[in-house]
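*Asks:* Shown below is the structure under consideration.
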Amino acid sequence: MRDKLVEKLIKGEEKRQREGLELIPSENYVSEDVLKANGSVFTNKYSEGYPGRRYYGGQEFTDQVERLAIERACKLFKCKFANVQPHAGAPANVATYFALMEPGDTIMGMDLSHGGHLTHGHPVTYISKIFRFIRYKMKNIETGEIDYDEMLRVAMAEKPKIIMAGFSAYTRELDYAKFSEIAKKVGALAIADMAHIAGLIAGKAVKNPFDYGFDVILTTTHKTLRGPRGGLILTRDSEEIAKKIDKSVFPGFQGGPIMNTIAAKAICFGEALTPAFKKYAEQIIKNSRSMAKVFLNNKIRLIGGGTDNHCVLADIFGSLGVTGKEGQTVLDEVGITLNMNMIADDPRKPMDPSGIRFGTPAITTRGFREKECKRVAELMILTLKNKDNKKVKDSVHKEIKALAKKFPIPKKFV
Ligand code: DSN
């Protein structure tokens with residue numbers, strides 16, 4: 001690389017990823033092929049429009065690659081229509097809201113403090129000034145059970161146009177049949193934001209909301225799906241909905257699609273269609289359960305009481321007296337990256353909450369199984385309990401580096 005300054009930063013990031021353990025549940029390592037496609041000459045091309053109807057010439061290969069991505073996405077998630085152009089998850093969500101609602105209409109989504117996402121209507125977002133958001137919560141924080149009775153009651157009274165199932169910090173499987181039933185009763189569309197668990201759905205390790213009558217699924221393509229950073233909108237079978245979504249993504253919301261990322265998405269979907277990916281998805285859950293078990297055995301409270309997916313949310317302030325920020329910082333020092341996180345009904349503030357959130361997509365990609373995950377969880381707890389003890393931290397860091405060396409980041413998965 002001729003720009004030595006940027007080259008040095010890329011190399012630094014490579015080393016950080018190589019030598020440390022990535023436990024942020026929304027991160028992963030992509031294959032060399034995904035990386036190559038993402039850095040390919042498609043980055044030079046403007047392709048506003050959709051395959052076969054673009055506003056620029058020279059679309060021989062862009063049309064083919066976008067069609068391939070669409071075809072693979074539909075096969076992977078068992079649906080009829082896919083829009084592969086959203087630049088990320090948030091634009092995918094917002095474009096969908098504008099496609100299917102009018103300003104002032106109501107959406108029901110999971111409360112952020114109980115695991116939902118900013119784009120499901122948090123007051124700090126601009127969309128909360130345009131649409132009206134109402135929320136549902138867990139009935140029991142210790143089991144993660146959603147309060148479906150209350151959801152029905154509020155939905156009957158408020159008549160949302162969309163009922164959104166989805167989360168970024170929730171560890172249990174949602175009852176999609178219940179969501180669908182409530183949506184039908186109040187005349188709403190059932191939409192799932194499955195950004196966190198798309199890979200688990202693709203690998204059939206958890207349920208697919210389309211099997212329970214959901215109309216639309218929104219997702220990112222990185223996280224458990226192990227593709228490039230980007231967004232994706234899937235429509236089960238309604239051509240009318242799919243057309244509205246296409247129009248909303250472009251020209252409603254975005255300009256030119258990022259064709260290099262679309263090529264990388266096509267590769268990611270192809271990889272996710274293999275039997276090896278199914279095994280990967282199953283192992284992610286086995287691994288996160290083995291980590292959750294260690295935390296529970298050490299009497300550390302987990303929101304939801306355990307996990308059914310890739311993610312664990314631990315109340316380390318309530319259980320160990322260590323704040324989320326302190327936990328994130330001290331674990332960073334020993335080579336473990338995760339994020340501080342609010343827990344349900346958190347008495348603390350977002351910049352120093354009670355919880356830490358961690359997950360297994362990236363370490364499972366490295367080949368970790370239950371045995372290694374159990375050890376990582378033990379080392380995390382040892383570090384948290386000895387956050388000011390340099391000797392303990394140095395010894396943990398050494399063990400983490402050795403584990404990272406033993407399980408290098410693979411370049412291909414199939
Ligand atoms: N920022 C992502 C996460 O970490 O969960 C969701 O958008």
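Note on naming: chains are A, B, ... as they come in the structure tokens, residues start from 1 per chain, ligands start from 1 in the order shown.
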Kindly work out which residues sit at most 12 Å from ligand 1, using only C-alpha atoms and all ligand atoms, and give the list as a CSV table (one decimal) with N, CA and C atoms, in the first residue's frame.
*Replies:*
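See pocket.csv below for the written result:
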```csv
chain,number,residue,atom,x,y,z
A,23,LEU,N,-15.7,-10.9,21.3
A,23,LEU,CA,-16.9,-11.5,21.9
A,23,LEU,C,-18.1,-10.5,21.7
A,24,ILE,N,-17.9,-9.4,20.9
A,24,ILE,CA,-19.1,-8.6,20.6
A,24,ILE,C,-20.0,-9.4,19.7
A,25,PRO,N,-21.3,-9.6,20.2
A,25,PRO,CA,-22.2,-10.5,19.5
A,25,PRO,C,-22.6,-10.1,18.1
A,26,SER,N,-22.4,-8.9,17.8
A,26,SER,CA,-22.7,-8.4,16.4
A,26,SER,C,-21.5,-8.4,15.5
A,27,GLU,N,-20.4,-8.9,15.9
A,27,GLU,CA,-19.2,-8.9,15.0
A,27,GLU,C,-18.8,-10.3,14.7
A,28,ASN,N,-18.0,-10.4,13.6
A,28,ASN,CA,-17.6,-11.7,13.1
A,28,ASN,C,-16.4,-11.5,12.2
A,88,ALA,N,-27.1,-0.5,5.2
A,88,ALA,CA,-26.9,-1.0,6.5
A,88,ALA,C,-28.2,-1.4,7.1
A,89,GLY,N,-28.2,-1.8,8.4
A,89,GLY,CA,-29.5,-2.2,9.0
A,89,GLY,C,-30.4,-1.1,9.2
A,90,ALA,N,-29.9,0.0,9.7
A,90,ALA,CA,-30.8,1.1,10.1
A,90,ALA,C,-31.5,1.7,8.8
A,91,PRO,N,-30.8,1.9,7.7
A,91,PRO,CA,-31.5,2.4,6.5
A,91,PRO,C,-32.5,1.3,6.0
A,92,ALA,N,-32.2,0.1,6.2
A,92,ALA,CA,-33.2,-1.0,5.7
A,92,ALA,C,-34.5,-0.8,6.5
A,93,ASN,N,-34.3,-0.6,7.9
A,93,ASN,CA,-35.5,-0.5,8.7
A,93,ASN,C,-36.3,0.8,8.3
A,112,LEU,N,-36.2,-0.5,24.1
A,112,LEU,CA,-34.8,-0.6,24.0
A,112,LEU,C,-34.2,-1.1,25.3
A,115,GLY,N,-34.1,-4.9,25.4
A,115,GLY,CA,-33.4,-5.6,24.3
A,115,GLY,C,-33.7,-5.1,22.9
A,116,GLY,N,-34.6,-4.2,22.7
A,116,GLY,CA,-34.9,-3.7,21.4
A,116,GLY,C,-33.8,-2.9,20.8
A,117,HIS,N,-34.0,-2.2,19.6
A,117,HIS,CA,-33.0,-1.5,18.9
A,117,HIS,C,-33.4,0.0,18.8
A,118,LEU,N,-32.4,0.8,18.6
A,118,LEU,CA,-32.7,2.3,18.4
A,118,LEU,C,-33.7,2.5,17.3
A,119,THR,N,-33.5,1.8,16.2
A,119,THR,CA,-34.4,2.0,15.1
A,119,THR,C,-35.8,1.4,15.3
A,120,HIS,N,-36.1,0.9,16.4
A,120,HIS,CA,-37.4,0.4,16.7
A,120,HIS,C,-38.2,1.5,17.5
A,166,GLY,N,-38.0,-8.3,17.2
A,166,GLY,CA,-36.6,-8.2,16.9
A,166,GLY,C,-35.9,-7.5,18.0
A,167,PHE,N,-34.6,-7.6,18.0
A,167,PHE,CA,-33.8,-7.1,19.2
A,167,PHE,C,-32.3,-7.0,18.9
A,168,SER,N,-31.6,-6.3,19.8
A,168,SER,CA,-30.1,-6.4,19.7
A,168,SER,C,-29.5,-6.8,21.0
A,169,ALA,N,-30.3,-7.0,22.0
A,169,ALA,CA,-29.7,-7.5,23.3
A,169,ALA,C,-30.8,-8.3,24.0
A,170,TYR,N,-31.2,-9.4,23.4
A,170,TYR,CA,-32.2,-10.3,24.0
A,170,TYR,C,-31.8,-11.7,23.7
A,193,ASP,N,-37.1,-8.0,12.7
A,193,ASP,CA,-35.7,-7.5,12.6
A,193,ASP,C,-34.8,-8.5,13.1
A,194,MET,N,-34.2,-9.3,12.2
A,194,MET,CA,-33.5,-10.5,12.7
A,194,MET,C,-32.0,-10.3,12.6
A,195,ALA,N,-31.6,-9.0,12.6
A,195,ALA,CA,-30.1,-8.7,12.3
A,195,ALA,C,-29.2,-9.5,13.1
A,196,HIS,N,-29.5,-9.7,14.4
A,196,HIS,CA,-28.6,-10.4,15.2
A,196,HIS,C,-28.6,-11.9,14.9
A,197,ILE,N,-29.7,-12.5,14.6
A,197,ILE,CA,-29.8,-13.9,14.5
A,197,ILE,C,-30.0,-14.5,13.0
A,218,LEU,N,-36.2,-8.0,8.2
A,218,LEU,CA,-35.1,-7.0,8.0
A,218,LEU,C,-33.9,-7.6,8.6
A,219,THR,N,-32.8,-7.3,8.0
A,219,THR,CA,-31.5,-7.8,8.6
A,219,THR,C,-30.3,-7.1,8.1
A,220,THR,N,-29.2,-7.2,8.9
A,220,THR,CA,-27.9,-6.9,8.4
A,220,THR,C,-27.3,-8.2,7.8
A,221,THR,N,-26.2,-8.0,7.1
A,221,THR,CA,-25.6,-9.2,6.5
A,221,THR,C,-24.3,-9.6,7.2
A,222,HIS,N,-23.9,-8.8,8.2
A,222,HIS,CA,-22.7,-9.2,8.9
A,222,HIS,C,-23.1,-10.0,10.2
A,223,LYS,N,-22.7,-9.7,11.3
A,223,LYS,CA,-23.1,-10.4,12.5
A,223,LYS,C,-23.1,-12.0,12.3
A,224,THR,N,-24.1,-12.7,12.8
A,224,THR,CA,-24.0,-14.2,12.7
A,224,THR,C,-24.0,-14.7,11.2
A,229,ARG,N,-20.5,-5.9,5.8
A,229,ARG,CA,-21.4,-4.9,6.5
A,229,ARG,C,-22.4,-4.4,5.6
A,230,GLY,N,-23.7,-4.6,5.8
A,230,GLY,CA,-24.7,-4.2,4.9
A,230,GLY,C,-26.1,-4.6,5.4
A,231,GLY,N,-27.1,-4.2,4.6
A,231,GLY,CA,-28.5,-4.5,5.0
A,231,GLY,C,-29.2,-5.3,3.9
A,310,HIS,N,-27.0,-16.6,20.2
A,310,HIS,CA,-25.5,-16.3,20.2
A,310,HIS,C,-25.1,-15.4,21.3
A,311,CYS,N,-26.0,-14.9,22.1
A,311,CYS,CA,-25.7,-13.7,23.0
A,311,CYS,C,-26.0,-14.0,24.4
A,313,LEU,N,-26.3,-11.8,28.2
A,313,LEU,CA,-26.3,-10.4,28.8
A,313,LEU,C,-26.3,-10.6,30.4
A,338,LEU,N,-15.7,-7.0,24.2
A,338,LEU,CA,-17.1,-7.1,24.3
A,338,LEU,C,-17.7,-5.7,24.6
A,339,ASN,N,-19.0,-5.6,24.8
A,339,ASN,CA,-19.5,-4.2,25.1
A,339,ASN,C,-20.3,-4.2,26.3
A,340,MET,N,-20.2,-3.0,27.0
A,340,MET,CA,-21.1,-2.7,28.1
A,340,MET,C,-22.5,-2.5,27.6
A,341,ASN,N,-23.5,-2.9,28.4
A,341,ASN,CA,-24.8,-2.9,27.9
A,341,ASN,C,-25.8,-2.6,29.1
A,356,ILE,N,-22.8,-6.4,30.9
A,356,ILE,CA,-21.9,-6.6,29.7
A,356,ILE,C,-22.7,-7.6,28.8
A,357,ARG,N,-22.5,-7.3,27.5
A,357,ARG,CA,-23.1,-8.2,26.5
A,357,ARG,C,-22.0,-8.9,25.7
A,358,PHE,N,-22.1,-10.2,25.6
A,358,PHE,CA,-21.1,-10.9,24.8
A,358,PHE,C,-21.7,-12.1,24.0
A,359,GLY,N,-21.0,-12.5,23.0
A,359,GLY,CA,-21.5,-13.6,22.2
A,359,GLY,C,-20.5,-14.4,21.5
```
*Asks:* Mind checking which residues fall within 8 Å of Ile336 of chain A, counting only C-alpha atoms, ignoring those fewer than 4 positions away in the same chain, and posting them as a PyMOL selection string?
*Replies:* chain A and resi 20-23+331-332+400
*Asks:* Go ahead and write the residues just picked, all heavy atoms, as a short mmCIF file (atom, residue, chain, number, x, y, z; two decimals), in the first residue's frame.
*Replies:*
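out_19.cif written:
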```
data_model
loop_
_atom_site.label_atom_id
_atom_site.label_comp_id
_atom_site.auth_asym_id
_atom_site.auth_seq_id
_atom_site.Cartn_x
_atom_site.Cartn_y
_atom_site.Cartn_z
N GLY A 20 -6.47 -11.03 19.78
CA GLY A 20 -7.48 -10.94 20.83
C GLY A 20 -8.66 -11.82 20.52
O GLY A 20 -8.75 -12.42 19.45
N LEU A 21 -9.58 -11.90 21.47
CA LEU A 21 -10.81 -12.68 21.24
C LEU A 21 -11.98 -11.72 21.10
O LEU A 21 -12.19 -10.86 21.96
CB LEU A 21 -11.06 -13.64 22.40
CG LEU A 21 -10.02 -14.76 22.58
CD1 LEU A 21 -10.50 -15.73 23.64
CD2 LEU A 21 -9.74 -15.50 21.28
N GLU A 22 -12.72 -11.88 20.03
CA GLU A 22 -13.85 -11.01 19.72
C GLU A 22 -15.13 -11.61 20.28
O GLU A 22 -15.57 -12.66 19.82
CB GLU A 22 -13.97 -10.85 18.19
CG GLU A 22 -14.98 -9.84 17.78
CD GLU A 22 -14.70 -8.51 18.48
OE1 GLU A 22 -13.72 -7.83 18.13
OE2 GLU A 22 -15.48 -8.18 19.39
N LEU A 23 -15.68 -10.94 21.29
CA LEU A 23 -16.94 -11.45 21.87
C LEU A 23 -18.11 -10.49 21.66
O LEU A 23 -19.18 -10.69 22.24
CB LEU A 23 -16.76 -11.71 23.37
CG LEU A 23 -15.82 -12.85 23.80
CD1 LEU A 23 -15.95 -13.09 25.30
CD2 LEU A 23 -16.10 -14.14 23.07
N LEU A 331 -11.65 -6.16 30.62
CA LEU A 331 -11.58 -7.32 29.71
C LEU A 331 -10.82 -6.96 28.44
O LEU A 331 -10.09 -7.78 27.89
CB LEU A 331 -12.99 -7.84 29.41
CG LEU A 331 -13.62 -8.54 30.62
CD1 LEU A 331 -15.11 -8.74 30.46
CD2 LEU A 331 -12.95 -9.89 30.90
N ASP A 332 -10.95 -5.71 28.01
CA ASP A 332 -10.14 -5.22 26.89
C ASP A 332 -8.64 -5.37 27.21
O ASP A 332 -7.85 -5.76 26.37
CB ASP A 332 -10.45 -3.73 26.66
CG ASP A 332 -10.84 -3.43 25.22
OD1 ASP A 332 -10.64 -4.31 24.36
OD2 ASP A 332 -11.34 -2.33 24.97
N ILE A 400 -5.14 -15.92 26.99
CA ILE A 400 -6.01 -15.50 25.87
C ILE A 400 -5.21 -15.43 24.57
O ILE A 400 -5.65 -15.91 23.51
CB ILE A 400 -6.66 -14.11 26.16
CG1 ILE A 400 -7.64 -14.21 27.34
CG2 ILE A 400 -7.34 -13.53 24.93
CD1 ILE A 400 -8.87 -15.04 27.12
#
```
*Asks:* Which is closer to Lys243 of chain A than all the others in A:Gly12, A:Asp33, A:Ala82, A:Pro361, using only C-alpha atoms?
*Replies:*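 Ranked by minimum distance to Lys243 of chain A, first place goes to A:Ala82.
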*Asks:* Using only C-alpha atoms, which of the listed residues (A:Asp63, A:Glu158, A:Glu372, A:Asp211) sits closest to Val186 of chain A?
*Replies:*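 Closest residue, counting only C-alpha atoms: A:Glu158.
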*Asks:* Determine which residues of segment 116-361 of chain A DSSP labels as alpha helix (DSSP H) from the backbone of this structure, then write them out as a PyMOL selection string.
*Replies:* chain A and resi 127-130+148-158+176-186+198-202+239-247+259-272+275-297+316-320+324-333+361
*Asks:* Restrict the calculation to only C-alpha atoms, then for each residue of segment 234-311 of chain A with any atom at most 12 Å from an atom of segment 54-60 of chain A give the closest atom pair and their distance in Å to one decimal, rows by chain and rising residue number, as a Markdown table.
*Replies:*
```
| residue | atom | partner | partner_atom | distance |
| --- | --- | --- | --- | --- |
| A:Phe250 | CA | A:Arg54 | CA | 10.9 |
| A:Pro251 | CA | A:Tyr55 | CA | 11.2 |
| A:Gly255 | CA | A:Tyr55 | CA | 10.8 |
| A:Gly256 | CA | A:Tyr55 | CA | 9.7 |
| A:Pro257 | CA | A:Arg54 | CA | 10.9 |
| A:Met259 | CA | A:Gln59 | CA | 10.7 |
```
*Asks:* Please indicate the distance in Å from atom CA of Lys36 of chain A to atom CA of Ala264 of chain A, rounded to one decimal place.
*Replies:*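 According to the coordinates, atom CA of Lys36 of chain A and atom CA of Ala264 of chain A are separated by 7.8 Å.
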*Asks:* Quick check, in Å to one decimal: how far apart do atom CA of Asp175 of chain A and atom CA of Ile343 of chain A lie?
*Replies:*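 So the two atoms, atom CA of Asp175 of chain A and atom CA of Ile343 of chain A, lie 21.2 Å apart.
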*Asks:* Which one is closest to Arg369 of chain A: A:Ile182, A:Cys79, A:Val206, A:Leu403? Count only C-alpha atoms.
*Replies:*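 Answer, going by the shortest atom-to-atom distance: A:Leu403.
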*Asks:* When you draw a straight line from atom CA of Val94 of chain A to atom CA of Val124 of chain A, how long is it in Å?
*Replies:*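 Those two atoms sit 14.3 Å apart.
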*Asks:* Measuring atom to atom with only C-alpha atoms, identify which of A:Asn208, A:Thr307, A:Ser40, A:Asn298 is nearest to Phe77 of chain A.
*Replies:* A:Asn208
*Asks:* Name the closest residue to Ile381 of chain A among the candidates A:Pro275, A:Gly327, A:Pro410, A:Pro353; distances are taken between atoms, counting only C-alpha atoms.
*Replies:*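 Looking only at the distances to Ile381 of chain A, the closest residue turns out to be A:Gly327.
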